[in-house]
Amino acid sequence: MEKYAEQIHRCFRCGWCKFTSDYLDLNCPSYKRFRFDTFSTSGRLWLTYAWLRGELEWSEHLAEILYSCTTCKNCVEQCPMGFADDIVDWIVGARSDMVEKGKIPPRVAHFFEAIHGYGNPLKLLRSDRGAWANGTKRYEPGDEYLFYVGCLGSYDENAQKMAMSLAELLNEAGVSFGILGSEENCCGNEVYMLGEIGLFQVLAETNSQKFKELSVKKIVTLSPHAYNTMKNTYPGFGANFEVYHYTQLLYDLIKKKKVKLSQNKAKVTYQDPCFLGRYNKIYDEPRRILQSIPGIELVEMERNREDSFCCGGGSGNFIMDLLAGGEDSPSRVRVRDAYETGADTLAVACPSCMTMFVDAIKAENLDAKLTVRDISQIVKESLASR
Amino acid sequence: MSDMYEALVKIVGKNYVSNQKEERYFYGRDPGLMSPHEPDYVVMPRTTEEVQKIVKLANKEKIPVVPKGGGLALTGLVIPLKGGIVMDMKRIDKILEVNERARYVIVEGGTTEGGLKSYLEKHHPSLRHSIPDAPPIATVVANAVIHGQGRLTQQYGFNSDMVTGLEVVLPTGEICRIGSCSISKYWFSRGAPMPDLSGLFLGWLGTTGVITKMGLKLYPRKKIRDVEVFVTDKEDLVPDILFKLTHTEMVEDINIWCQPHPPMFRENHHVTILITGDSEEELQFKKKMIWDALQEYIDSKDGGFMWVMPDAKPTFLEMPLESLSKFADVRKGGGFEYSGPIVLAEDYPECSRKLAELAVKYKLTYSGMVRVIGRSHCIMFGFAYTFNRADLDEMDRVRKALHEVAEFALEQGGTHWKPTVDEQKMMMERMDPDTLKLMGKIKGLLDPNGIMNPRNWEVG
Ligand SMILES: Cc1cc2nc3c(=O)[nH]c(=O)nc-3n(C[C@H](O)[C@H](O)[C@H](O)COP(=O)(O)OP(=O)(O)OC[C@H]3O[C@@H](n4cnc5c(N)ncnc54)[C@H](O)[C@@H]3O)c2cc1C
Ligand code: SF4
Ligand code: SF4
């Protein structure tokens, strides 16, 4: 990331990164929302280069352009150049420079303050972090899994329901697990993506230390964001544990018949979360779970898997929502995509997607026609034992 | 000025106007080598009526308007050389109608090449358009405006030859329909059998009006495509090879490329021959005709067909070709520019020698990219040099090399394609004076206040 300043001029501003792989639609969520070329990948890279060279002074508008990237990695997938894999690192690098210079949009500053002060971006009490848990057992050394719930799963009303369903399913399958409750802390994925590398290091080190003290060997996360950072970045902080996203574990339990499913009639479409799909190439397990439920018809949105369209919530935007407003906001575009498939259920596997889509469905007046359900909720409703 | 901003906001809404320095910085530049010049406003209309209101306002206030698509011509054609308004057309991007039987499509002024390709594949799989190898965000209208060339250019001419009608907002604000659509609901002809007025707009680089709708011919999409690559180390034979190949009338598209990297390509001239068919039988027949046409060069050991491994074929067959864009990263520096004069096929040997000679003279990395236009009626010879955007000296050397190319092309009897302002001047200096006068009269009549893309095609 340190080297981004010497590389960032390599963008040709050719715009392949604006699209899906078949050019069917614009797939950079912030470009789709704002439509000025400045809000596309090349806009960010060229403007950052100009800022670094002193051709352009910092402004709040410049910072908003940089921070309205959801780090969804569509550009990484589509850019044909040899540096494609580094694009998001460059964006994060530029943000970290802005953070260092104290030049960030107020909403981003509030996000950091909240995490620093409260351990979550919603500024809710640490002591309430496990309030959703309703008797879910605290993790103890010897348990097979630590269930890492994350900030949204702990505090957001809709995401809490996801956490509850998953806890219930794990119990049903006889998995030995526990949660950290009020001792859980933010995973730092968004903090990292927003460029506050110092704060991220503190979070990653503290969390890794805690997991070590508790002899944690396996972690299962509710959120793909937590999964991503714990799997890919924490090992650099001495962490030594296996990490699974819950869809991986759940699919395994279904295969082993530890979770038995019965008829559940629904037409379902599935949103690939960026941090599960494009970041970690987990596309099949969530689909296989849905396909193993008798009665469920899985239909794909036109943009799916590598070409999936981000919900707009990445990089802290599930709270800051820099891409909100109007019918072109990514979450509203995406629920329209889902509705067009004829599905009655939009399945998610990420608390950020859940939060974004619940609001978008209201904004689109689709409440009566389309429901957002997490995969764990759909599985819970399909349990043979119910 | 702030009154102007408010007036623009009134027309398109505040989300789609900017006078902030970030948008002005970005829209004041293109990926090529021209010096920047910033607009005062960037505006993104959604409808013809919004375009009309903006143009009327600009004409009243005598403020320049520069229509912009993907901004990928690379030759500074969308840099607002006198400031004013850059009109980003990419929100006017609908595909309005496809007439399957008459094989045409009506697109809006900012519909992208990529968007049209995927739309046709999905909804009209038996039809295709002549897609250029520009990145997919390039727009269909702008490509015709600059007389672009695409996959079907060898068969049907410049992409602008395929235009079947226009809707244009004139610089004075009137909305004109050009072609059959001016008297009928059908967009099958841009002029014939009436006077063809499309020439008032195509090739004018946005200096005579803003095109808001365009009809474009579509062609049959054959079920199978394949590629053959014929290689020769004798550039003098290339014109003859092209003559023989085009005589077969069996080919979809012919491109020629020559480049020094990787070393196995050095000294060789690669003729990419694309073939289509609805059955293997048709494909094999066409291949046989092509092989027969070139057999004599194989017999004389002057050339031969290159074995294209099956997993390498997609690199040749994809549309648009990604590999062309990748040339910008050869020097790990985010840039290339090409001058693409339109010359006769017989100029190929001289052009390829000049390309390499200038690369040596200016210490540059080059690639020659050629597309055959019509039945070898002429070719676009792309003199492409890559540069590192962080290396100002290298950028300057590319500028100098391209300037030499420009002079050379005219000496050869060619014309500049998508010319820079300087190349336009060079052409106008050589132009028949009465022709130049006519151009001046047309421009003066259509754009009395000179608001449209000023300094381009500026006569006198
Ligand atoms: C890698 C690469 C490969 C390329 N390959 C090809 C190729 O194979 N064939 C080819 O033809 N070109 C090619 N090009 C050149 C160029 O990108 C294309 O011609 C492209 O179609 C231009 O479209 P654009 O939308 O980018 O035009 P822009 O650069 O945005 O505009 C070009 C001109 O059109 C005017 N204009 C734009 N919209 C309107 C409108 N609505 N009304 C009136 N005037 C308008 C502009 O003012 C400008 O003068 C290539 C470029 C690159 C970078
Ligand atoms: S990021 Fe890659 S695809 Fe996007 S504009 Fe830059 S070079 Fe082109
Ligand atoms: S990561 Fe996503 S939002 Fe950010 S520039 Fe790339 S495509 Fe756009």
# chains A, B, ... in the order shown; residues from 1 in each chain; ligands from 1

$ interface_residues --of "chain A" --to "chain B" --cutoff "7 Å" --atoms "only C-alpha atoms" --output "PyMOL selection string"
chain A and resi 9-16+22-25+38+43+62+80-81

$ residues_around --residues "A:Leu124" --least-positions-apart "2" --cutoff "12 Å" --atoms "only C-alpha atoms" --output "ChimeraX atom specification"
/A:114-122,126-131,151-152,154-156,182

$ write_last_selection --atoms "all heavy atoms" --output "compact mmCIF listing (two decimals), in the first residue's frame"
# COMPACT_ATOMS: atom_id res chain seq x y z
N ALA A 114 -16.67 6.85 16.70
CA ALA A 114 -17.59 5.90 17.32
C ALA A 114 -16.86 4.58 17.61
O ALA A 114 -17.00 4.01 18.71
CB ALA A 114 -18.79 5.66 16.42
N ILE A 115 -16.09 4.12 16.67
CA ILE A 115 -15.40 2.83 16.88
C ILE A 115 -14.36 2.98 18.00
O ILE A 115 -14.22 2.11 18.86
CB ILE A 115 -14.73 2.36 15.58
CG1 ILE A 115 -15.84 2.18 14.56
CG2 ILE A 115 -13.90 1.09 15.82
CD1 ILE A 115 -15.79 1.04 13.65
N HIS A 116 -13.66 4.10 17.95
CA HIS A 116 -12.63 4.33 18.96
C HIS A 116 -13.27 4.38 20.36
O HIS A 116 -12.79 3.75 21.30
CB HIS A 116 -11.91 5.64 18.65
CG HIS A 116 -10.77 5.91 19.57
ND1 HIS A 116 -9.65 5.12 19.60
CD2 HIS A 116 -10.58 6.87 20.51
CE1 HIS A 116 -8.82 5.57 20.52
NE2 HIS A 116 -9.36 6.63 21.09
N GLY A 117 -14.38 5.09 20.47
CA GLY A 117 -15.00 5.30 21.79
C GLY A 117 -15.87 4.14 22.24
O GLY A 117 -15.95 3.83 23.43
N TYR A 118 -16.57 3.53 21.30
CA TYR A 118 -17.60 2.55 21.68
C TYR A 118 -17.33 1.13 21.18
O TYR A 118 -18.07 0.21 21.52
CB TYR A 118 -18.96 3.01 21.14
CG TYR A 118 -19.47 4.29 21.74
CD1 TYR A 118 -18.98 5.51 21.31
CD2 TYR A 118 -20.45 4.28 22.73
CE1 TYR A 118 -19.44 6.69 21.85
CE2 TYR A 118 -20.93 5.46 23.28
CZ TYR A 118 -20.42 6.67 22.84
OH TYR A 118 -20.87 7.83 23.37
N GLY A 119 -16.33 1.01 20.30
CA GLY A 119 -16.06 -0.33 19.75
C GLY A 119 -17.06 -0.72 18.68
O GLY A 119 -17.10 -1.87 18.24
N ASN A 120 -17.91 0.22 18.28
CA ASN A 120 -18.86 -0.03 17.18
C ASN A 120 -19.20 1.31 16.53
O ASN A 120 -19.11 2.35 17.18
CB ASN A 120 -20.12 -0.74 17.70
CG ASN A 120 -20.95 0.16 18.59
OD1 ASN A 120 -21.68 1.03 18.11
ND2 ASN A 120 -20.83 -0.01 19.91
N PRO A 121 -19.61 1.29 15.25
CA PRO A 121 -19.83 2.56 14.55
C PRO A 121 -21.18 3.19 14.87
O PRO A 121 -21.46 4.30 14.42
CB PRO A 121 -19.76 2.16 13.07
CG PRO A 121 -20.15 0.73 13.04
CD PRO A 121 -19.73 0.13 14.34
N LEU A 122 -22.02 2.48 15.66
CA LEU A 122 -23.36 3.01 15.93
C LEU A 122 -23.42 3.80 17.23
O LEU A 122 -24.47 4.29 17.62
CB LEU A 122 -24.38 1.86 15.98
CG LEU A 122 -24.49 1.07 14.69
CD1 LEU A 122 -24.03 -0.36 14.89
CD2 LEU A 122 -25.89 1.09 14.15
N ARG A 126 -21.06 -0.57 24.81
CA ARG A 126 -20.35 -1.85 24.75
C ARG A 126 -21.09 -2.92 25.57
O ARG A 126 -21.19 -4.07 25.18
CB ARG A 126 -18.95 -1.70 25.36
CG ARG A 126 -17.92 -1.17 24.42
CD ARG A 126 -16.60 -1.02 25.17
NE ARG A 126 -15.75 -0.05 24.49
CZ ARG A 126 -14.91 -0.36 23.52
NH1 ARG A 126 -14.80 -1.59 23.09
NH2 ARG A 126 -14.17 0.57 22.95
N SER A 127 -21.61 -2.48 26.72
CA SER A 127 -22.26 -3.46 27.61
C SER A 127 -23.49 -4.09 26.96
O SER A 127 -23.94 -5.16 27.38
CB SER A 127 -22.63 -2.78 28.93
OG SER A 127 -23.34 -1.60 28.64
N ASP A 128 -24.04 -3.40 25.92
CA ASP A 128 -25.23 -3.95 25.26
C ASP A 128 -24.90 -4.85 24.07
O ASP A 128 -25.79 -5.31 23.36
CB ASP A 128 -26.14 -2.81 24.76
CG ASP A 128 -26.85 -2.14 25.93
OD1 ASP A 128 -26.82 -2.72 27.03
OD2 ASP A 128 -27.40 -1.06 25.73
N ARG A 129 -23.63 -5.06 23.84
CA ARG A 129 -23.23 -5.77 22.62
C ARG A 129 -23.82 -7.18 22.54
O ARG A 129 -24.15 -7.68 21.47
CB ARG A 129 -21.70 -5.83 22.51
CG ARG A 129 -21.26 -6.17 21.11
CD ARG A 129 -19.81 -5.86 20.85
NE ARG A 129 -19.46 -6.34 19.54
CZ ARG A 129 -19.07 -5.59 18.51
NH1 ARG A 129 -18.91 -4.30 18.65
NH2 ARG A 129 -18.81 -6.13 17.34
N GLY A 130 -23.97 -7.80 23.70
CA GLY A 130 -24.51 -9.16 23.67
C GLY A 130 -25.98 -9.23 24.02
O GLY A 130 -26.55 -10.31 24.23
N ALA A 131 -26.64 -8.04 24.06
CA ALA A 131 -28.04 -8.02 24.54
C ALA A 131 -28.97 -8.85 23.66
O ALA A 131 -29.99 -9.35 24.12
CB ALA A 131 -28.52 -6.57 24.61
N CYS A 151 -20.46 -5.93 14.53
CA CYS A 151 -21.18 -4.76 15.04
C CYS A 151 -22.64 -4.74 14.63
O CYS A 151 -23.53 -4.53 15.46
CB CYS A 151 -20.51 -3.47 14.56
SG CYS A 151 -18.82 -3.30 15.14
N LEU A 152 -22.93 -4.97 13.35
CA LEU A 152 -24.33 -4.92 12.94
C LEU A 152 -25.12 -6.05 13.57
O LEU A 152 -26.22 -5.85 14.09
CB LEU A 152 -24.44 -4.98 11.41
CG LEU A 152 -24.15 -3.68 10.66
CD1 LEU A 152 -24.26 -3.88 9.16
CD2 LEU A 152 -25.09 -2.56 11.10
N SER A 154 -24.68 -7.40 16.26
CA SER A 154 -24.88 -7.16 17.69
C SER A 154 -25.92 -6.08 17.98
O SER A 154 -26.61 -6.14 18.98
CB SER A 154 -23.55 -6.73 18.33
OG SER A 154 -22.58 -7.74 18.16
N TYR A 155 -25.99 -5.08 17.10
CA TYR A 155 -26.81 -3.91 17.45
C TYR A 155 -27.97 -3.61 16.51
O TYR A 155 -28.94 -2.99 16.91
CB TYR A 155 -25.93 -2.66 17.48
CG TYR A 155 -24.88 -2.67 18.56
CD1 TYR A 155 -23.54 -2.84 18.24
CD2 TYR A 155 -25.22 -2.48 19.90
CE1 TYR A 155 -22.56 -2.84 19.21
CE2 TYR A 155 -24.24 -2.48 20.89
CZ TYR A 155 -22.92 -2.66 20.54
OH TYR A 155 -21.96 -2.65 21.50
N ASP A 156 -27.84 -3.96 15.24
CA ASP A 156 -28.88 -3.59 14.29
C ASP A 156 -30.05 -4.57 14.38
O ASP A 156 -29.85 -5.79 14.37
CB ASP A 156 -28.31 -3.58 12.87
CG ASP A 156 -29.36 -3.27 11.82
OD1 ASP A 156 -29.61 -2.08 11.59
OD2 ASP A 156 -29.94 -4.23 11.25
N SER A 182 -20.39 -8.86 25.49
CA SER A 182 -19.92 -7.48 25.67
C SER A 182 -18.41 -7.37 25.52
O SER A 182 -17.87 -6.27 25.44
CB SER A 182 -20.35 -6.96 27.04
OG SER A 182 -19.83 -7.83 28.02

$ residues_near_ligand --ligand "ligand 3" --cutoff "8 Å" --atoms "only C-alpha atoms and all ligand atoms" --output "number ranges by chain"
A: 17-18, 27-31, 39-42, 44, 68-76, 87-88, 91, 310

$ write_last_selection --atoms "C-alpha atoms" --output "PDB file, in the first residue's frame"
ATOM      1  CA  CYS A  17     -13.983  -1.026 -14.802  1.00  0.00           C
ATOM      2  CA  LYS A  18     -17.311   0.774 -15.040  1.00  0.00           C
ATOM      3  CA  ASN A  27     -21.342  -1.951 -12.164  1.00  0.00           C
ATOM      4  CA  CYS A  28     -19.246   0.521 -10.177  1.00  0.00           C
ATOM      5  CA  PRO A  29     -21.814   1.490  -7.558  1.00  0.00           C
ATOM      6  CA  SER A  30     -20.618   5.037  -7.034  1.00  0.00           C
ATOM      7  CA  TYR A  31     -20.361   5.722 -10.769  1.00  0.00           C
ATOM      8  CA  PHE A  39     -16.935   9.115  -9.224  1.00  0.00           C
ATOM      9  CA  SER A  40     -15.618   6.154 -11.209  1.00  0.00           C
ATOM     10  CA  THR A  41     -12.381   4.328 -10.493  1.00  0.00           C
ATOM     11  CA  SER A  42     -10.344   6.420 -12.906  1.00  0.00           C
ATOM     12  CA  ARG A  44     -10.568   8.635  -7.997  1.00  0.00           C
ATOM     13  CA  SER A  68     -17.918   7.055  -1.935  1.00  0.00           C
ATOM     14  CA  CYS A  69     -16.049   4.005  -3.212  1.00  0.00           C
ATOM     15  CA  THR A  70     -17.533   0.992  -1.459  1.00  0.00           C
ATOM     16  CA  THR A  71     -14.359  -1.052  -2.091  1.00  0.00           C
ATOM     17  CA  CYS A  72     -16.576  -3.554  -3.888  1.00  0.00           C
ATOM     18  CA  LYS A  73     -13.732  -4.712  -6.177  1.00  0.00           C
ATOM     19  CA  ASN A  74     -15.746  -4.638  -9.376  1.00  0.00           C
ATOM     20  CA  CYS A  75     -12.937  -2.570 -10.869  1.00  0.00           C
ATOM     21  CA  VAL A  76     -10.380  -5.137  -9.756  1.00  0.00           C
ATOM     22  CA  ILE A  87      -6.601  -0.794  -7.267  1.00  0.00           C
ATOM     23  CA  VAL A  88      -8.442  -1.053  -3.963  1.00  0.00           C
ATOM     24  CA  ILE A  91      -7.707   3.740  -2.897  1.00  0.00           C
ATOM     25  CA  CYS A 310     -22.702  -4.071  -4.626  1.00  0.00           C
TER      26      CYS A 310
END

$ closest_residue --among "B:Pro263, B:Gly13, B:Pro220, B:Pro419" --to "ligand 1" --atoms "only C-alpha atoms and all ligand atoms"
B:Pro419

$ closest_residue --among "A:Val220, A:Ile65, A:Leu45, A:Ala266" --to "ligand 2" --atoms "only C-alpha atoms and all ligand atoms"
A:Leu45

$ residues_around --residues "B:Asn59" --least-positions-apart "6" --cutoff "7 Å" --atoms "only C-alpha atoms" --output "ChimeraX atom specification"
/B:171-172,449,451

$ atom_distance --atom1 "atom CA of A:Lys256" --atom2 "atom CA of A:Ala173"
9.8 Å

$ select_by_dssp --residues "stretch 175-249 of chain A" --states "strand (DSSP E)" --output "list in words"
Phe177, Gly178, Lys218, Ile219, Val220, Thr221, Glu242, Val243, Tyr244 and His245 of chain A

$ residues_near_ligand --ligand "ligand 1" --cutoff "7 Å" --atoms "only C-alpha atoms and all ligand atoms" --output "PyMOL selection string"
(chain A and resi 14) or (chain B and resi 66-74+77-78+89+109-110+132-135+137-143+145-150+205-206+209-212+324-325+453)

$ write_last_selection --atoms "N, CA and C atoms" --output "short mmCIF file (atom, residue, chain, number, x, y, z; two decimals), in the first residue's frame"
data_model
loop_
_atom_site.label_atom_id
_atom_site.label_comp_id
_atom_site.auth_asym_id
_atom_site.auth_seq_id
_atom_site.Cartn_x
_atom_site.Cartn_y
_atom_site.Cartn_z
N CYS A 14 -9.58 4.23 -19.11
CA CYS A 14 -10.26 3.63 -20.25
C CYS A 14 -11.67 3.14 -19.90
N VAL B 66 -19.09 21.54 -25.39
CA VAL B 66 -18.32 20.43 -25.96
C VAL B 66 -19.01 19.12 -25.61
N PRO B 67 -19.64 18.44 -26.58
CA PRO B 67 -20.23 17.15 -26.27
C PRO B 67 -19.15 16.10 -26.04
N LYS B 68 -19.37 15.26 -25.04
CA LYS B 68 -18.37 14.25 -24.72
C LYS B 68 -19.03 12.90 -24.53
N GLY B 69 -18.46 11.85 -25.14
CA GLY B 69 -18.91 10.49 -24.89
C GLY B 69 -17.96 9.85 -23.91
N GLY B 70 -17.27 8.82 -24.37
CA GLY B 70 -16.29 8.15 -23.50
C GLY B 70 -15.00 8.94 -23.36
N GLY B 71 -14.82 9.95 -24.21
CA GLY B 71 -13.58 10.74 -24.15
C GLY B 71 -12.36 9.93 -24.54
N LEU B 72 -12.56 8.95 -25.43
CA LEU B 72 -11.48 8.01 -25.73
C LEU B 72 -10.84 8.19 -27.10
N ALA B 73 -11.18 9.29 -27.78
CA ALA B 73 -10.55 9.54 -29.07
C ALA B 73 -9.04 9.74 -28.87
N LEU B 74 -8.65 10.13 -27.69
CA LEU B 74 -7.24 10.30 -27.27
C LEU B 74 -6.57 11.55 -27.86
N LEU B 77 -10.13 15.80 -28.42
CA LEU B 77 -11.34 16.32 -29.06
C LEU B 77 -12.42 16.72 -28.06
N VAL B 78 -12.31 16.25 -26.83
CA VAL B 78 -13.32 16.62 -25.83
C VAL B 78 -12.74 17.56 -24.77
N MET B 89 -22.47 13.07 -22.34
CA MET B 89 -23.68 12.53 -22.97
C MET B 89 -24.10 11.17 -22.40
N GLY B 109 -27.87 9.61 -27.87
CA GLY B 109 -26.57 10.25 -28.12
C GLY B 109 -25.42 9.78 -27.26
N GLY B 110 -25.72 9.07 -26.14
CA GLY B 110 -24.62 8.64 -25.27
C GLY B 110 -24.63 7.13 -25.03
N PRO B 132 -16.27 -1.13 -32.61
CA PRO B 132 -14.84 -0.83 -32.68
C PRO B 132 -14.10 -1.50 -31.53
N ASP B 133 -12.78 -1.46 -31.55
CA ASP B 133 -12.02 -2.06 -30.45
C ASP B 133 -11.71 -1.08 -29.34
N ALA B 134 -12.38 0.05 -29.37
CA ALA B 134 -12.25 1.01 -28.27
C ALA B 134 -12.84 0.39 -27.01
N PRO B 135 -12.41 0.80 -25.83
CA PRO B 135 -13.03 0.28 -24.60
C PRO B 135 -14.55 0.46 -24.63
N ILE B 137 -16.87 1.66 -22.98
CA ILE B 137 -17.58 2.87 -22.55
C ILE B 137 -17.61 3.91 -23.67
N ALA B 138 -16.87 3.67 -24.76
CA ALA B 138 -16.94 4.58 -25.92
C ALA B 138 -18.38 4.59 -26.42
N THR B 139 -18.79 5.72 -26.97
CA THR B 139 -20.20 5.82 -27.35
C THR B 139 -20.38 5.62 -28.86
N VAL B 140 -21.55 5.09 -29.20
CA VAL B 140 -21.83 4.72 -30.59
C VAL B 140 -21.87 5.98 -31.47
N VAL B 141 -22.52 7.02 -30.94
CA VAL B 141 -22.65 8.24 -31.74
C VAL B 141 -21.29 8.88 -31.97
N ALA B 142 -20.51 9.02 -30.91
CA ALA B 142 -19.19 9.69 -31.05
C ALA B 142 -18.33 8.92 -32.03
N ASN B 143 -18.44 7.60 -32.01
CA ASN B 143 -17.64 6.79 -32.94
C ASN B 143 -18.00 7.11 -34.40
N VAL B 145 -19.38 9.99 -35.29
CA VAL B 145 -19.01 11.40 -35.47
C VAL B 145 -17.56 11.52 -35.92
N ILE B 146 -16.68 10.64 -35.40
CA ILE B 146 -15.28 10.72 -35.81
C ILE B 146 -14.95 9.74 -36.96
N HIS B 147 -15.98 9.20 -37.58
CA HIS B 147 -15.76 8.24 -38.68
C HIS B 147 -14.91 7.05 -38.21
N GLY B 148 -15.36 6.43 -37.13
CA GLY B 148 -14.65 5.28 -36.58
C GLY B 148 -14.77 4.06 -37.48
N GLN B 149 -14.04 3.04 -37.09
CA GLN B 149 -14.09 1.78 -37.85
C GLN B 149 -14.24 0.62 -36.87
N GLY B 150 -14.96 -0.40 -37.31
CA GLY B 150 -15.21 -1.53 -36.41
C GLY B 150 -15.06 -2.86 -37.11
N LEU B 205 -16.83 16.58 -35.60
CA LEU B 205 -16.29 16.55 -34.22
C LEU B 205 -17.11 17.40 -33.25
N GLY B 206 -18.40 17.33 -33.40
CA GLY B 206 -19.27 18.04 -32.45
C GLY B 206 -19.27 19.55 -32.64
N GLY B 209 -23.33 20.66 -33.94
CA GLY B 209 -24.56 20.31 -33.23
C GLY B 209 -24.35 19.12 -32.32
N VAL B 210 -25.35 18.87 -31.50
CA VAL B 210 -25.28 17.72 -30.60
C VAL B 210 -26.25 16.66 -31.11
N ILE B 211 -25.72 15.49 -31.42
CA ILE B 211 -26.57 14.40 -31.90
C ILE B 211 -27.22 13.73 -30.69
N THR B 212 -28.53 13.68 -30.70
CA THR B 212 -29.24 13.10 -29.56
C THR B 212 -29.82 11.72 -29.87
N LEU B 324 -5.75 -4.31 -26.87
CA LEU B 324 -5.35 -2.97 -27.34
C LEU B 324 -5.22 -2.00 -26.17
N SER B 325 -6.19 -2.05 -25.24
CA SER B 325 -6.12 -1.16 -24.08
C SER B 325 -4.90 -1.46 -23.23
N ASN B 453 -17.79 23.16 -29.68
CA ASN B 453 -16.42 22.63 -29.64
C ASN B 453 -15.40 23.56 -30.31
#

$ select_by_dssp --residues "stretch 123-223 of chain B" --states "helix (DSSP H, G or I)" --output "VMD selection string"
chain B and resid 123 140 to 145 153 to 156 159 to 162 180 to 182 197 to 200

$ write_last_selection --atoms "N, CA, C and O atoms" --output "CSV table (one decimal), in the first residue's frame"
chain,number,residue,atom,x,y,z
B,123,HIS,N,-31.2,-9.5,-26.7
B,123,HIS,CA,-32.5,-9.3,-27.2
B,123,HIS,C,-32.7,-9.7,-28.7
B,123,HIS,O,-33.8,-9.9,-29.1
B,140,VAL,N,-21.5,5.1,-29.2
B,140,VAL,CA,-21.8,4.7,-30.6
B,140,VAL,C,-21.9,6.0,-31.5
B,140,VAL,O,-21.3,6.0,-32.6
B,141,VAL,N,-22.5,7.0,-30.9
B,141,VAL,CA,-22.7,8.2,-31.7
B,141,VAL,C,-21.3,8.9,-32.0
B,141,VAL,O,-20.9,9.2,-33.1
B,142,ALA,N,-20.5,9.0,-30.9
B,142,ALA,CA,-19.2,9.7,-31.1
B,142,ALA,C,-18.3,8.9,-32.0
B,142,ALA,O,-17.6,9.5,-32.8
B,143,ASN,N,-18.4,7.6,-32.0
B,143,ASN,CA,-17.6,6.8,-32.9
B,143,ASN,C,-18.0,7.1,-34.4
B,143,ASN,O,-17.1,7.2,-35.3
B,144,ALA,N,-19.3,7.3,-34.6
B,144,ALA,CA,-19.7,7.7,-36.0
B,144,ALA,C,-19.3,9.1,-36.3
B,144,ALA,O,-18.9,9.4,-37.4
B,145,VAL,N,-19.4,10.0,-35.3
B,145,VAL,CA,-19.0,11.4,-35.5
B,145,VAL,C,-17.6,11.5,-35.9
B,145,VAL,O,-17.2,12.4,-36.7
B,153,THR,N,-16.1,-3.1,-40.8
B,153,THR,CA,-15.6,-2.1,-41.7
B,153,THR,C,-15.1,-2.6,-43.0
B,153,THR,O,-15.2,-2.0,-44.0
B,154,GLN,N,-14.4,-3.7,-42.9
B,154,GLN,CA,-13.9,-4.3,-44.2
B,154,GLN,C,-15.0,-4.6,-45.1
B,154,GLN,O,-14.9,-4.5,-46.3
B,155,GLN,N,-16.2,-5.0,-44.6
B,155,GLN,CA,-17.3,-5.4,-45.4
B,155,GLN,C,-18.1,-4.2,-45.8
B,155,GLN,O,-18.6,-4.1,-46.9
B,156,TYR,N,-18.3,-3.3,-44.9
B,156,TYR,CA,-19.3,-2.2,-45.1
B,156,TYR,C,-18.8,-0.8,-45.0
B,156,TYR,O,-19.6,0.1,-45.1
B,159,ASN,N,-17.7,3.1,-40.0
B,159,ASN,CA,-18.9,3.0,-39.1
B,159,ASN,C,-19.9,4.1,-39.4
B,159,ASN,O,-21.1,3.9,-39.3
B,160,SER,N,-19.4,5.3,-39.8
B,160,SER,CA,-20.3,6.4,-40.1
B,160,SER,C,-21.1,6.1,-41.4
B,160,SER,O,-22.2,6.6,-41.6
B,161,ASP,N,-20.6,5.2,-42.3
B,161,ASP,CA,-21.3,4.8,-43.5
B,161,ASP,C,-22.6,4.0,-43.1
B,161,ASP,O,-23.4,3.8,-44.0
B,162,MET,N,-22.6,3.5,-41.9
B,162,MET,CA,-23.7,2.7,-41.5
B,162,MET,C,-24.8,3.4,-40.8
B,162,MET,O,-25.8,2.9,-40.4
B,180,SER,N,-34.6,9.5,-43.6
B,180,SER,CA,-36.0,9.1,-43.7
B,180,SER,C,-36.8,9.4,-42.5
B,180,SER,O,-38.0,9.7,-42.6
B,181,CYS,N,-36.2,9.5,-41.3
B,181,CYS,CA,-36.9,9.8,-40.1
B,181,CYS,C,-37.5,11.2,-40.1
B,181,CYS,O,-38.3,11.6,-39.2
B,182,SER,N,-37.0,12.1,-41.0
B,182,SER,CA,-37.6,13.4,-41.1
B,182,SER,C,-39.0,13.5,-41.7
B,182,SER,O,-39.7,14.4,-41.5
B,197,LEU,N,-28.2,15.0,-45.7
B,197,LEU,CA,-27.7,16.1,-44.8
B,197,LEU,C,-26.8,15.6,-43.6
B,197,LEU,O,-26.3,16.4,-42.9
B,198,SER,N,-26.6,14.3,-43.6
B,198,SER,CA,-25.9,13.8,-42.4
B,198,SER,C,-24.4,14.3,-42.5
B,198,SER,O,-23.7,14.4,-41.4
B,199,GLY,N,-24.0,14.6,-43.7
B,199,GLY,CA,-22.6,15.2,-43.8
B,199,GLY,C,-22.4,16.5,-43.2
B,199,GLY,O,-21.3,17.0,-43.0
B,200,LEU,N,-23.5,17.1,-42.7
B,200,LEU,CA,-23.3,18.4,-42.0
B,200,LEU,C,-22.9,18.1,-40.5
B,200,LEU,O,-22.5,19.0,-39.8

$ residues_around --residues "A:Glu157" --least-positions-apart "5" --cutoff "12 Å" --atoms "only C-alpha atoms" --output "PyMOL selection string"
chain A and resi 131-132+151-152+162-164+351-352+354-355+358
